[in-house]
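Q: Pasting my_file-v1.csv here (CSV, C-alpha atoms):
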```
chain,number,residue,atom,x,y,z
U,13,MET,CA,-112.0,225.8,115.3
U,14,LYS,CA,-109.2,223.4,114.5
U,15,THR,CA,-105.6,223.4,115.5
U,16,GLN,CA,-102.7,221.1,116.3
U,17,VAL,CA,-102.2,222.0,120.0
U,18,GLY,CA,-104.9,223.4,122.3
U,19,ILE,CA,-103.4,225.4,125.2
U,20,ILE,CA,-105.4,226.2,128.3
U,21,GLY,CA,-104.0,229.3,130.0
U,22,GLY,CA,-102.4,232.5,128.7
U,23,GLY,CA,-99.8,233.0,131.4
U,24,PRO,CA,-96.1,232.7,130.7
U,25,SER,CA,-96.1,228.9,130.5
U,26,GLY,CA,-98.8,228.7,127.8
U,27,LEU,CA,-97.4,231.7,125.9
U,28,CYS,CA,-93.9,230.4,125.9
U,29,LEU,CA,-94.9,226.9,124.9
U,30,ALA,CA,-96.9,228.3,122.0
U,31,ARG,CA,-93.9,230.3,120.8
U,32,LEU,CA,-91.5,227.3,121.1
U,33,LEU,CA,-93.9,225.3,118.9
U,34,SER,CA,-94.4,228.1,116.5
U,35,GLN,CA,-90.7,228.3,115.8
U,36,HIS,CA,-91.2,224.9,114.1
U,37,GLY,CA,-94.5,225.9,112.3
U,38,ILE,CA,-96.7,224.1,114.8
U,39,ARG,CA,-100.1,225.8,115.2
U,40,SER,CA,-101.8,226.4,118.5
U,41,VAL,CA,-104.9,228.0,120.1
U,42,ILE,CA,-104.6,229.5,123.5
U,43,LEU,CA,-107.7,230.0,125.7
U,44,GLU,CA,-107.3,232.5,128.5
U,45,ARG,CA,-110.3,233.3,130.8
U,46,GLN,CA,-108.9,236.8,131.8
U,47,THR,CA,-108.0,239.9,129.8
U,48,ARG,CA,-104.5,240.6,128.6
U,49,ALA,CA,-104.2,243.5,131.1
U,50,HIS,CA,-105.3,241.3,134.0
U,51,VAL,CA,-102.7,238.6,133.1
U,52,GLU,CA,-99.9,241.1,132.6
U,53,GLY,CA,-100.8,242.9,135.9
U,54,ARG,CA,-100.2,239.8,138.1
U,55,ILE,CA,-97.3,240.3,140.5
U,56,ARG,CA,-95.3,237.1,140.4
U,57,ALA,CA,-91.8,235.8,140.2
U,58,GLY,CA,-88.8,237.9,139.3
U,59,ILE,CA,-85.9,235.4,139.3
U,60,LEU,CA,-85.2,233.4,136.1
U,61,GLU,CA,-82.9,230.4,136.0
U,62,GLN,CA,-80.6,230.1,133.0
U,63,GLY,CA,-82.8,227.4,131.6
U,64,MET,CA,-85.9,229.7,131.6
U,65,ALA,CA,-83.9,232.6,130.1
U,66,ASP,CA,-82.6,230.3,127.4
U,67,LEU,CA,-86.1,229.2,126.5
U,68,MET,CA,-87.2,232.9,126.2
U,69,ARG,CA,-84.3,233.4,123.7
U,70,GLN,CA,-85.2,230.2,121.9
U,71,ALA,CA,-88.8,231.4,121.6
U,72,GLY,CA,-87.5,234.6,120.0
U,73,VAL,CA,-88.5,236.9,122.8
U,74,GLY,CA,-85.3,237.4,124.8
U,75,GLU,CA,-84.1,240.7,123.4
U,76,ARG,CA,-85.5,243.1,126.0
U,77,MET,CA,-84.8,240.6,128.8
U,78,ASP,CA,-81.1,240.5,127.8
U,79,ARG,CA,-81.0,244.3,127.6
U,80,GLU,CA,-82.8,245.2,130.8
U,81,GLY,CA,-82.5,242.1,133.0
U,82,LEU,CA,-80.0,242.1,135.9
U,83,LEU,CA,-77.6,239.1,136.0
U,84,HIS,CA,-76.7,238.0,139.5
U,85,ASP,CA,-73.7,235.8,140.4
U,86,GLY,CA,-74.6,235.2,144.0
U,87,ILE,CA,-77.1,235.5,146.9
U,88,VAL,CA,-76.6,236.6,150.5
U,89,LEU,CA,-77.8,234.6,153.6
U,90,ALA,CA,-78.2,236.7,156.8
U,91,PHE,CA,-78.5,235.0,160.2
U,92,ASP,CA,-77.3,235.6,163.8
U,93,GLY,CA,-76.1,239.1,162.9
U,94,ARG,CA,-74.0,237.7,160.0
U,95,LEU,CA,-74.1,238.4,156.2
U,96,GLU,CA,-72.6,235.5,154.2
U,97,ARG,CA,-72.4,235.6,150.4
U,98,ILE,CA,-72.7,232.5,148.2
U,99,ASP,CA,-70.8,232.9,145.0
U,100,MET,CA,-73.0,230.9,142.7
U,101,ALA,CA,-71.1,231.6,139.5
U,102,ALA,CA,-67.8,230.4,141.0
U,103,LEU,CA,-69.4,227.3,142.5
U,104,THR,CA,-71.3,226.3,139.4
U,105,GLY,CA,-68.9,227.0,136.5
U,106,GLY,CA,-70.2,230.4,135.7
U,107,LYS,CA,-74.0,229.9,136.0
U,108,GLN,CA,-76.1,232.9,136.9
U,109,VAL,CA,-79.7,233.9,137.6
U,110,MET,CA,-81.5,236.8,136.0
U,111,VAL,CA,-83.7,239.4,137.7
U,112,TYR,CA,-86.5,240.1,135.3
U,113,GLY,CA,-90.1,240.5,136.5
U,114,GLN,CA,-92.8,238.1,135.3
U,115,THR,CA,-94.9,241.1,134.4
U,116,GLU,CA,-92.2,242.2,131.9
U,117,LEU,CA,-91.6,238.6,130.7
U,118,THR,CA,-95.4,238.2,130.0
U,119,ARG,CA,-95.6,241.5,128.1
U,120,ASP,CA,-92.7,240.4,125.9
U,121,LEU,CA,-94.5,237.1,125.2
U,122,TYR,CA,-97.8,238.7,124.4
U,123,ASP,CA,-96.2,241.2,122.0
U,124,ALA,CA,-94.8,238.2,120.1
U,125,VAL,CA,-97.8,235.9,120.3
U,126,LEU,CA,-100.4,238.5,119.1
U,127,THR,CA,-98.5,238.9,115.8
U,128,ASP,CA,-97.6,235.2,115.4
U,129,PRO,CA,-99.5,233.7,112.4
U,130,HIS,CA,-99.2,230.2,114.0
U,131,ILE,CA,-100.9,231.2,117.3
U,132,THR,CA,-104.5,232.2,118.0
U,133,ILE,CA,-105.3,233.5,121.4
U,134,VAL,CA,-108.8,233.9,122.8
U,135,PHE,CA,-109.2,236.2,125.8
U,136,GLU,CA,-112.1,236.1,128.2
U,137,ALA,CA,-112.9,232.5,127.3
U,138,SER,CA,-115.2,231.2,130.0
U,139,ASP,CA,-116.2,227.7,131.1
U,140,VAL,CA,-113.3,226.0,129.4
U,141,ALA,CA,-113.7,222.3,129.4
U,142,PRO,CA,-111.3,219.7,128.0
U,143,ALA,CA,-112.8,216.5,126.7
U,144,GLY,CA,-112.0,213.4,124.6
U,145,PHE,CA,-108.4,213.4,125.6
U,146,LEU,CA,-108.6,209.8,126.9
U,147,GLU,CA,-110.3,208.5,123.8
U,148,GLY,CA,-107.8,210.1,121.3
U,149,SER,CA,-110.2,212.8,120.1
U,150,PRO,CA,-109.2,215.8,122.2
U,151,ARG,CA,-111.2,219.0,122.1
U,152,LEU,CA,-111.8,222.1,124.1
U,153,SER,CA,-115.1,223.8,124.6
U,154,PHE,CA,-115.6,227.3,125.9
U,155,ASN,CA,-118.0,230.2,125.9
U,156,LYS,CA,-117.1,233.6,124.3
U,157,GLU,CA,-119.6,236.5,124.5
U,158,GLY,CA,-122.6,234.1,124.9
U,159,GLU,CA,-121.5,231.8,122.0
U,160,SER,CA,-120.4,228.2,122.6
U,161,VAL,CA,-117.2,227.3,120.7
U,162,THR,CA,-115.3,224.0,120.3
U,163,VAL,CA,-111.6,223.7,119.4
U,164,GLU,CA,-110.6,220.3,117.9
U,165,CYS,CA,-106.9,219.6,118.3
U,166,ASP,CA,-104.3,216.8,118.4
U,167,TRP,CA,-103.1,217.5,121.9
U,168,ILE,CA,-104.0,219.6,124.9
U,169,ALA,CA,-101.5,221.4,127.2
U,170,GLY,CA,-102.9,222.4,130.5
U,171,CYS,CA,-101.0,225.5,131.5
U,172,ASP,CA,-103.9,226.9,133.6
U,173,GLY,CA,-102.5,226.8,137.1
U,174,TYR,CA,-103.4,225.1,140.3
U,175,HIS,CA,-107.1,226.0,140.1
U,176,GLY,CA,-107.5,225.4,136.4
U,177,ALA,CA,-109.8,223.2,134.3
U,178,SER,CA,-107.2,220.8,133.0
U,179,ARG,CA,-106.3,218.9,136.1
U,180,ALA,CA,-109.9,219.1,137.3
U,181,ALA,CA,-111.0,217.3,134.1
U,182,VAL,CA,-108.9,214.2,134.9
U,183,PRO,CA,-110.9,211.3,136.5
U,184,PRO,CA,-109.9,211.3,140.2
U,185,GLU,CA,-109.0,207.6,140.1
U,186,MET,CA,-106.3,208.3,137.5
U,187,ILE,CA,-104.3,210.9,139.5
U,188,THR,CA,-102.4,210.9,142.7
U,189,GLU,CA,-101.9,214.2,144.5
U,190,TYR,CA,-99.2,214.9,147.1
U,191,GLU,CA,-99.5,218.0,149.3
U,192,ARG,CA,-97.9,219.7,152.2
U,193,LEU,CA,-99.2,223.0,153.7
U,194,TYR,CA,-96.9,225.3,155.7
U,195,PRO,CA,-98.0,227.0,158.9
U,196,PHE,CA,-97.2,230.5,157.6
U,197,GLY,CA,-97.4,232.8,154.6
U,198,TRP,CA,-95.4,235.5,152.9
U,199,LEU,CA,-96.5,239.1,153.1
U,200,GLY,CA,-95.0,240.8,150.0
U,201,LEU,CA,-94.6,244.5,149.4
U,202,LEU,CA,-93.6,246.1,146.0
U,203,SER,CA,-92.2,249.6,146.1
U,204,ASP,CA,-90.4,252.1,143.7
U,205,THR,CA,-87.4,252.3,146.0
U,206,PRO,CA,-83.8,251.2,145.3
U,207,PRO,CA,-83.0,247.7,146.6
U,208,VAL,CA,-81.3,247.5,150.0
U,209,HIS,CA,-78.5,245.4,148.4
U,210,GLU,CA,-77.2,244.6,144.9
U,211,GLU,CA,-78.1,240.9,145.4
U,212,LEU,CA,-80.9,239.1,147.1
U,213,ILE,CA,-80.8,238.7,150.9
U,214,TYR,CA,-82.4,235.7,152.5
U,215,THR,CA,-82.7,236.3,156.3
U,216,TYR,CA,-83.3,233.8,159.1
U,217,HIS,CA,-84.4,235.6,162.3
U,218,PRO,CA,-86.2,234.5,165.5
U,219,ARG,CA,-89.0,236.9,164.5
U,220,GLY,CA,-89.4,235.1,161.2
U,221,PHE,CA,-88.0,234.9,157.7
U,222,ALA,CA,-87.4,237.9,155.5
U,223,LEU,CA,-86.4,238.3,151.8
U,224,CYS,CA,-85.0,241.4,150.1
U,225,SER,CA,-85.5,241.0,146.4
U,226,MET,CA,-85.9,243.4,143.5
U,227,ARG,CA,-87.4,243.9,140.0
U,228,SER,CA,-84.9,246.5,138.8
U,229,THR,CA,-82.4,249.0,140.2
U,230,SER,CA,-85.2,251.2,141.2
U,231,ARG,CA,-88.0,248.8,142.1
U,232,SER,CA,-87.8,246.5,145.2
U,233,ARG,CA,-89.8,243.5,146.3
U,234,TYR,CA,-89.7,242.6,150.0
U,235,TYR,CA,-91.3,239.7,151.9
U,236,LEU,CA,-92.0,238.9,155.5
U,237,GLN,CA,-93.0,235.5,157.1
U,238,VAL,CA,-96.4,236.0,158.7
U,239,GLY,CA,-99.0,233.8,160.4
U,240,LEU,CA,-101.8,232.4,158.3
U,241,ASN,CA,-104.3,234.4,160.3
U,242,GLU,CA,-102.8,237.7,159.3
U,243,LYS,CA,-104.6,240.1,157.0
U,244,VAL,CA,-103.1,242.5,154.5
U,245,GLU,CA,-105.2,245.5,155.7
U,246,ASP,CA,-103.7,245.1,159.1
U,247,TRP,CA,-100.2,245.8,157.7
U,248,SER,CA,-99.7,249.5,157.0
U,249,ASP,CA,-96.5,250.4,155.1
U,250,ASP,CA,-95.0,251.8,158.2
U,251,ARG,CA,-95.6,248.6,160.1
U,252,PHE,CA,-94.1,246.5,157.3
U,253,TRP,CA,-90.9,248.6,157.0
U,254,ASP,CA,-90.5,248.7,160.8
U,255,GLU,CA,-90.8,244.8,161.0
U,256,LEU,CA,-88.5,244.3,158.0
U,257,GLY,CA,-85.8,246.5,159.7
U,258,LYS,CA,-86.0,244.5,162.9
U,259,ARG,CA,-85.3,241.2,160.9
U,260,LEU,CA,-82.4,242.6,158.9
U,261,PRO,CA,-78.8,242.8,160.3
U,262,ALA,CA,-78.1,246.3,161.7
U,263,THR,CA,-75.7,247.1,158.8
U,264,MET,CA,-78.5,246.4,156.3
U,265,ASP,CA,-81.3,248.2,158.2
U,266,SER,CA,-79.3,251.5,158.0
U,267,GLU,CA,-79.2,251.1,154.2
U,268,LEU,CA,-82.9,250.4,153.7
U,269,VAL,CA,-84.8,253.0,151.7
U,270,THR,CA,-88.5,253.0,152.4
U,271,GLY,CA,-91.4,254.4,150.5
U,272,PRO,CA,-95.1,253.9,149.6
U,273,SER,CA,-96.1,250.4,148.5
U,274,ILE,CA,-97.4,249.8,145.0
U,275,GLU,CA,-98.8,246.4,146.0
U,276,LYS,CA,-99.1,244.3,149.1
U,277,SER,CA,-100.4,240.7,149.3
U,278,ILE,CA,-100.2,237.6,151.4
U,279,ALA,CA,-99.5,234.2,149.8
U,280,PRO,CA,-99.8,230.9,151.7
U,281,LEU,CA,-97.0,228.4,151.1
U,282,ARG,CA,-97.5,224.8,149.9
U,283,SER,CA,-95.8,221.9,148.2
U,284,PHE,CA,-98.0,220.1,145.7
U,285,VAL,CA,-97.4,217.5,143.0
U,286,ALA,CA,-99.8,215.6,140.8
U,287,GLU,CA,-98.8,212.3,139.2
U,288,PRO,CA,-98.7,211.5,136.4
U,289,LEU,CA,-98.5,214.6,134.2
U,290,ARG,CA,-99.9,212.9,131.1
U,291,PHE,CA,-103.5,211.6,130.6
U,292,GLY,CA,-103.9,210.3,127.0
U,293,HIS,CA,-103.7,213.5,124.9
U,294,LEU,CA,-103.7,215.9,127.8
U,295,PHE,CA,-100.5,217.1,129.5
U,296,LEU,CA,-100.2,219.1,132.7
U,297,VAL,CA,-97.6,221.9,132.6
U,298,GLY,CA,-96.3,224.1,135.4
U,299,ASP,CA,-98.6,225.0,138.3
U,300,ALA,CA,-101.4,222.8,136.9
U,301,GLY,CA,-99.2,219.9,138.0
U,302,HIS,CA,-97.0,221.1,140.8
U,303,ILE,CA,-96.5,224.0,143.3
U,304,VAL,CA,-93.5,224.7,145.4
U,305,PRO,CA,-92.8,227.3,148.2
U,306,PRO,CA,-91.3,230.4,146.7
U,307,THR,CA,-88.2,230.2,148.9
U,308,GLY,CA,-86.0,228.7,146.2
U,309,ALA,CA,-87.4,230.8,143.3
U,310,LYS,CA,-88.6,227.7,141.5
U,311,GLY,CA,-92.2,228.2,140.5
U,312,LEU,CA,-91.9,229.6,137.0
U,313,ASN,CA,-88.5,228.1,136.5
U,314,LEU,CA,-89.9,224.6,137.2
U,315,ALA,CA,-92.6,225.2,134.6
U,316,ALA,CA,-89.7,225.9,132.2
U,317,SER,CA,-88.5,222.4,132.3
U,318,ASP,CA,-92.1,221.1,131.6
U,319,MET,CA,-92.2,223.5,128.6
U,320,TYR,CA,-88.8,222.3,127.4
U,321,TYR,CA,-89.7,218.6,127.6
U,322,LEU,CA,-93.2,219.0,126.1
U,323,SER,CA,-92.2,221.3,123.3
U,324,THR,CA,-89.3,218.9,122.4
U,325,ALA,CA,-91.6,215.9,122.4
U,326,LEU,CA,-94.3,217.7,120.3
U,327,ILE,CA,-91.7,218.9,117.8
U,328,ALA,CA,-90.3,215.4,117.5
U,329,TYR,CA,-93.9,214.1,116.9
U,330,TYR,CA,-94.7,216.5,114.1
U,331,GLU,CA,-91.4,216.5,112.4
U,332,GLN,CA,-90.3,212.9,112.8
U,333,GLY,CA,-93.5,211.0,113.7
U,334,ARG,CA,-92.0,210.0,117.0
U,335,GLU,CA,-94.2,209.4,120.0
U,336,ASP,CA,-91.6,208.0,122.4
U,337,LEU,CA,-90.8,211.4,123.9
U,338,LEU,CA,-94.4,212.1,124.5
U,339,ASP,CA,-94.5,208.8,126.4
U,340,ARG,CA,-91.5,209.8,128.5
U,341,TYR,CA,-92.7,213.4,129.2
U,342,SER,CA,-94.3,212.7,132.6
U,343,GLU,CA,-91.6,210.5,134.0
U,344,THR,CA,-88.8,212.9,132.9
U,345,ALA,CA,-90.5,216.1,134.0
U,346,LEU,CA,-91.4,214.6,137.4
U,347,ARG,CA,-87.8,213.7,138.1
U,348,ARG,CA,-86.9,217.4,138.0
U,349,VAL,CA,-90.1,218.4,139.7
U,350,TRP,CA,-89.4,216.3,142.8
U,351,ALA,CA,-85.8,217.5,142.9
U,352,ALA,CA,-87.1,221.1,143.0
U,353,VAL,CA,-89.8,220.2,145.6
U,354,ARG,CA,-87.0,218.7,147.8
U,355,PHE,CA,-84.8,221.8,147.5
U,356,SER,CA,-87.7,224.2,148.1
U,357,TRP,CA,-88.9,222.2,151.2
U,358,TRP,CA,-85.3,222.1,152.6
U,359,PHE,CA,-84.5,225.7,152.0
U,360,THR,CA,-87.9,226.7,153.5
U,361,GLN,CA,-87.1,224.7,156.6
U,362,LEU,CA,-83.7,226.1,156.8
U,363,MET,CA,-84.7,229.8,156.7
U,364,HIS,CA,-88.1,230.0,158.4
U,365,ASP,CA,-89.2,230.0,162.0
U,366,PHE,CA,-91.6,227.0,162.6
U,367,GLY,CA,-92.4,228.1,166.2
U,368,GLU,CA,-90.7,225.0,167.6
U,369,ASP,CA,-88.8,224.6,170.9
U,370,PRO,CA,-85.5,226.6,171.4
U,371,ILE,CA,-83.4,223.7,170.4
U,372,ALA,CA,-84.8,223.9,166.8
U,373,HIS,CA,-83.5,227.5,166.6
U,374,LYS,CA,-80.0,226.5,167.7
U,375,ILE,CA,-80.0,223.6,165.3
U,376,GLN,CA,-80.9,225.9,162.4
U,377,LEU,CA,-78.1,228.3,163.3
U,378,ALA,CA,-75.7,225.4,163.5
U,379,GLU,CA,-76.7,224.1,160.1
U,380,LEU,CA,-76.4,227.6,158.5
U,381,ASP,CA,-73.0,228.0,160.1
U,382,TYR,CA,-71.9,224.6,158.7
U,383,LEU,CA,-73.2,225.2,155.2
U,384,LEU,CA,-71.5,228.6,155.0
U,385,SER,CA,-68.2,227.3,156.2
U,386,SER,CA,-68.2,224.4,153.8
U,387,THR,CA,-67.6,224.6,150.0
U,388,ALA,CA,-69.7,221.5,149.6
U,389,GLY,CA,-72.5,223.0,151.6
U,390,GLN,CA,-72.4,226.2,149.6
U,391,THR,CA,-72.2,224.3,146.3
U,392,THR,CA,-75.4,222.4,147.2
U,393,ILE,CA,-77.3,225.7,147.6
U,394,ALA,CA,-75.7,227.2,144.5
U,395,GLU,CA,-76.4,224.3,142.2
U,396,ASN,CA,-80.0,224.1,143.1
U,397,TYR,CA,-80.6,227.8,143.2
U,398,VAL,CA,-79.3,228.4,139.7
U,399,GLY,CA,-81.3,225.5,138.5
U,400,LEU,CA,-80.5,221.8,137.9
U,401,PRO,CA,-79.9,221.1,134.2
U,402,PHE,CA,-82.6,219.7,131.9
U,403,ASP,CA,-82.2,216.0,131.1
U,404,ALA,CA,-79.8,215.9,128.1
U,405,SER,CA,-80.9,212.4,127.2
U,406,PHE,CA,-84.4,213.7,126.3
U,407,VAL,CA,-83.8,214.0,122.5
```
As a first step, turn the structure in this file into structure tokens.

A:
Amino acid sequence: MKTQVGIIGGGPSGLCLARLLSQHGIRSVILERQTRAHVEGRIRAGILEQGMADLMRQAGVGERMDREGLLHDGIVLAFDGRLERIDMAALTGGKQVMVYGQTELTRDLYDAVLTDPHITIVFEASDVAPAGFLEGSPRLSFNKEGESVTVECDWIAGCDGYHGASRAAVPPEMITEYERLYPFGWLGLLSDTPPVHEELIYTYHPRGFALCSMRSTSRSRYYLQVGLNEKVEDWSDDRFWDELGKRLPATMDSELVTGPSIEKSIAPLRSFVAEPLRFGHLFLVGDAGHIVPPTGAKGLNLAASDMYYLSTALIAYYEQGREDLLDRYSETALRRVWAAVRFSWWFTQLMHDFGEDPIAHKIQLAELDYLLSSTAGQTTIAENYVGLPFDASFV
């Protein structure tokens, strides 16, 4: 097989990148080790920054998102019995976030990709291995139904996540990895119940952090901070709802509608960045190059800026013969990556219980009180939450 861009990973990053390139007639092959049903079934993010929503529209797959997604102007912080709203739209010149589940977003992308003449996707591609990217002759080998196949390409985009083959193929001496592990995880529950509030509620409580989120007006997503030694099977639905109610302000607890869970899982929290994001003709995109705690809703949205910079650079290469943007991809993308890592780390520290001495609890309450009483403090949260802009000089 031959193509222009070989993409490892058929999640939202790989799919959206392929569609952005296809809009300019650039051909790609996507290798995905799972089935379509498996990828679509992953329960992941549900908050899209304006930049990610704009990329979906640019990729020609934003119609259902715009019709069914929920636009939010603000978020609510709950602490010390208080409910304080941050009006993000008012503080950022009208910017919003959109509630639209990653499952739905992925389905929209697959519907477009599978009928796109410029894109070939191979499901259940096992043992994917990138090679030749340092020597200028990039290729991807994989196995499909017992047959060994090689894809020759000009460039490789590693959109295959933290455990994928792309970063693992880079010689260790060429890459620097930064990592911070957090001493707790998030226990998440998905249920077909109406959200407890029309906007997201982030709760700081001595018993631990809680988040009230949603996927639609009839489907809710809730999270609890739990210890790393906790097991999902030890958390019945009743136990989860009871604990969530204890962490919410009394006014919210009375509004909470409970019901059977559709899915429950525990996710550990980490900050991770690999530098650089380019190795010859191989580029790391999204979770393959960086991970952030979910507190600031930055995971998929941070991949969006990688997609924007890489697609812009590849389009300039094929249409204008330019390589300068490809040379600048890593530096430019990492600048925004580290900004998101900083915000996610700070917001996680602000809203979680780290089990420290009582003075730490009082300091967190004082900081929250200051931030919510200060326009500058609220603006800091709002600007970062709706998403920092892409670098306008990257053209």

Q: May I ask which of the residues U:Phe221, U:Gly37, U:Asp172, U:Arg56 is the closest one to Asp365 in chain U, counting all atoms listed in the file?

A: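 With all atoms listed in the file as the atom set, the closest residue is U:Phe221.
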
Q: Just how far from CA of Ala315 in chain U is CA of Ala352 in chain U, in Å to one decimal?

A: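 Between CA of Ala352 in chain U and CA of Ala315 in chain U the gap works out to 10.8 Å.
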
Q: Between U:Leu212, U:Val51, U:Ile131, U:Ala71, which residue has the minimum interatomic distance to Ser323 in chain U, considering all atoms listed in the file?

A: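 Looking only at the distances to Ser323 in chain U, the closest residue turns out to be U:Ala71.
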
Q: Every residue with an atom at most 9 Å from (-99.4, 221.1, 145.0) (file coordinates; only C-alpha atoms) is what I'm after, so could you write them as a list in words?

A: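 Every polymer residue passing the test: Tyr174, Glu189, Tyr190, Glu191, Arg192, Leu193, Arg282, Ser283, Phe284, Val285, Ala286, Asp299, Ala300, Gly301, His302, Ile303 and Val304 of chain U.
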
Q: What does the distance between CA of Asp128 in chain U and CA of Gly81 in chain U come to in Å, to one decimal place?

A: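 Going from CA of Asp128 in chain U over to CA of Gly81 in chain U, I get 24.2 Å.
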
Q: Using all atoms listed in the file, which residue out of U:Ile55, U:Val407, U:Ile187, U:Ala181 lies closest to Glu275 in chain U?

A: U:Ile55

Q: Do you know which residues are at most 7 Å from Ile42 in chain U counting all atoms listed in the file, after dropping those on the same chain fewer than 2 positions away, and could you put them as a count of residues only?

A: 10

Q: Which residues of range 85-142 of chain U have any atom within 10 Å of an atom in range 161-170 of chain U when counting all atoms listed in the file, and what is the closest pair of atoms for each, with the distance in Å to one decimal? Order the rows by chain and rising number and write it as a Markdown table.

A:
```
| residue | atom | partner | partner_atom | distance |
| --- | --- | --- | --- | --- |
| U:Ala137 | CA | U:Val161 | CA | 9.4 |
| U:Val140 | CA | U:Thr162 | CA | 9.5 |
| U:Ala141 | CA | U:Thr162 | CA | 9.4 |
| U:Pro142 | CA | U:Ile168 | CA | 7.9 |
```

Q: With 9 Å as the threshold, what does the neighbourhood of (-78.6, 246.6, 150.0) contain in terms of residues, counting all atoms listed in the file? Coordinates are those of the file; answer as number ranges by chain.

A: U: 206-213, 224, 264-265, 267-268

Q: Show me, as a list in words, the residues that have an atom within 12 Å of Gly53 in chain U when counting only C-alpha atoms, minus same-chain residues fewer than 2 positions from it.

A: Gly23, Gln46, Thr47, Arg48, Ala49, His50, Val51, Ile55, Arg56, Gly113, Gln114, Thr115, Glu116, Leu117, Thr118, Arg119, Ile274 and Glu275 of chain U

Q: What's the 10 Å shell around range 398-400 of chain U, counting all atoms listed in the file, without same-chain residues fewer than 5 positions away, as a PyMOL selection string?

A: chain U and resi 59-64+84-86+100-101+104+107-110+308-310+313-314+317+348+351-352+393

Q: Deliver the residues from the most recent selection as a file, using C-alpha atoms, as a PDB file, in the frame of the given file.

A:
```pdb
ATOM      1  CA  ILE U  59     -85.900 235.400 139.300  1.00  0.00           C
ATOM      2  CA  LEU U  60     -85.200 233.400 136.100  1.00  0.00           C
ATOM      3  CA  GLU U  61     -82.900 230.400 136.000  1.00  0.00           C
ATOM      4  CA  GLN U  62     -80.600 230.100 133.000  1.00  0.00           C
ATOM      5  CA  GLY U  63     -82.800 227.400 131.600  1.00  0.00           C
ATOM      6  CA  MET U  64     -85.900 229.700 131.600  1.00  0.00           C
ATOM      7  CA  HIS U  84     -76.700 238.000 139.500  1.00  0.00           C
ATOM      8  CA  ASP U  85     -73.700 235.800 140.400  1.00  0.00           C
ATOM      9  CA  GLY U  86     -74.600 235.200 144.000  1.00  0.00           C
ATOM     10  CA  MET U 100     -73.000 230.900 142.700  1.00  0.00           C
ATOM     11  CA  ALA U 101     -71.100 231.600 139.500  1.00  0.00           C
ATOM     12  CA  THR U 104     -71.300 226.300 139.400  1.00  0.00           C
ATOM     13  CA  LYS U 107     -74.000 229.900 136.000  1.00  0.00           C
ATOM     14  CA  GLN U 108     -76.100 232.900 136.900  1.00  0.00           C
ATOM     15  CA  VAL U 109     -79.700 233.900 137.600  1.00  0.00           C
ATOM     16  CA  MET U 110     -81.500 236.800 136.000  1.00  0.00           C
ATOM     17  CA  GLY U 308     -86.000 228.700 146.200  1.00  0.00           C
ATOM     18  CA  ALA U 309     -87.400 230.800 143.300  1.00  0.00           C
ATOM     19  CA  LYS U 310     -88.600 227.700 141.500  1.00  0.00           C
ATOM     20  CA  ASN U 313     -88.500 228.100 136.500  1.00  0.00           C
ATOM     21  CA  LEU U 314     -89.900 224.600 137.200  1.00  0.00           C
ATOM     22  CA  SER U 317     -88.500 222.400 132.300  1.00  0.00           C
ATOM     23  CA  ARG U 348     -86.900 217.400 138.000  1.00  0.00           C
ATOM     24  CA  ALA U 351     -85.800 217.500 142.900  1.00  0.00           C
ATOM     25  CA  ALA U 352     -87.100 221.100 143.000  1.00  0.00           C
ATOM     26  CA  ILE U 393     -77.300 225.700 147.600  1.00  0.00           C
TER      27      ILE U 393
END
```

Q: CA of Ala316 in chain U and CA of Ala279 in chain U, how far apart in Å?

A: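 Computing it gives 21.8 Å between the two atoms.
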
Q: With only C-alpha atoms as the basis for distance, which of U:Leu338, U:Leu89, U:Ala65, U:Ile375 is at the shortest distance from Ala394 in chain U?

A: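 Looking at the shortest contact to Ala394 in chain U, the residue is U:Leu89.
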
Q: Which residues are near range 245-250 of chain U? Cut-off 7 Å, all atoms listed in the file, ignore same chain within fewer than 2 positions. Put them as a list of chain:residue names.

A: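 These residues fall inside the cut-off: U:Lys243, U:Phe252, U:Trp253, U:Asp254, U:Pro272, U:Ser273.
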
Q: Please list as a ChimeraX atom specification every residue within 9 Å of range 377-389 of chain U, counting all atoms listed in the file and excluding residues in the same chain fewer than 3 positions away.

A: /U:89,91-92,96-98,103,216,362-363,372-374,392-394

Q: So, counting all atoms listed in the file, which residue among U:Tyr214, U:Tyr112, U:Tyr122, U:Tyr329 is closest to Met226 in chain U?

A: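 Nearest candidate to Met226 in chain U out of U:Tyr214, U:Tyr112, U:Tyr122, U:Tyr329: U:Tyr112.
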
Q: Of the candidates U:Gly220, U:Ile371, U:Tyr320, U:Ser277, which shows the shortest atom-to-atom distance to Arg54 in chain U, using only C-alpha atoms?

A: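 The shortest atom-to-atom distance to Arg54 in chain U comes from U:Ser277.
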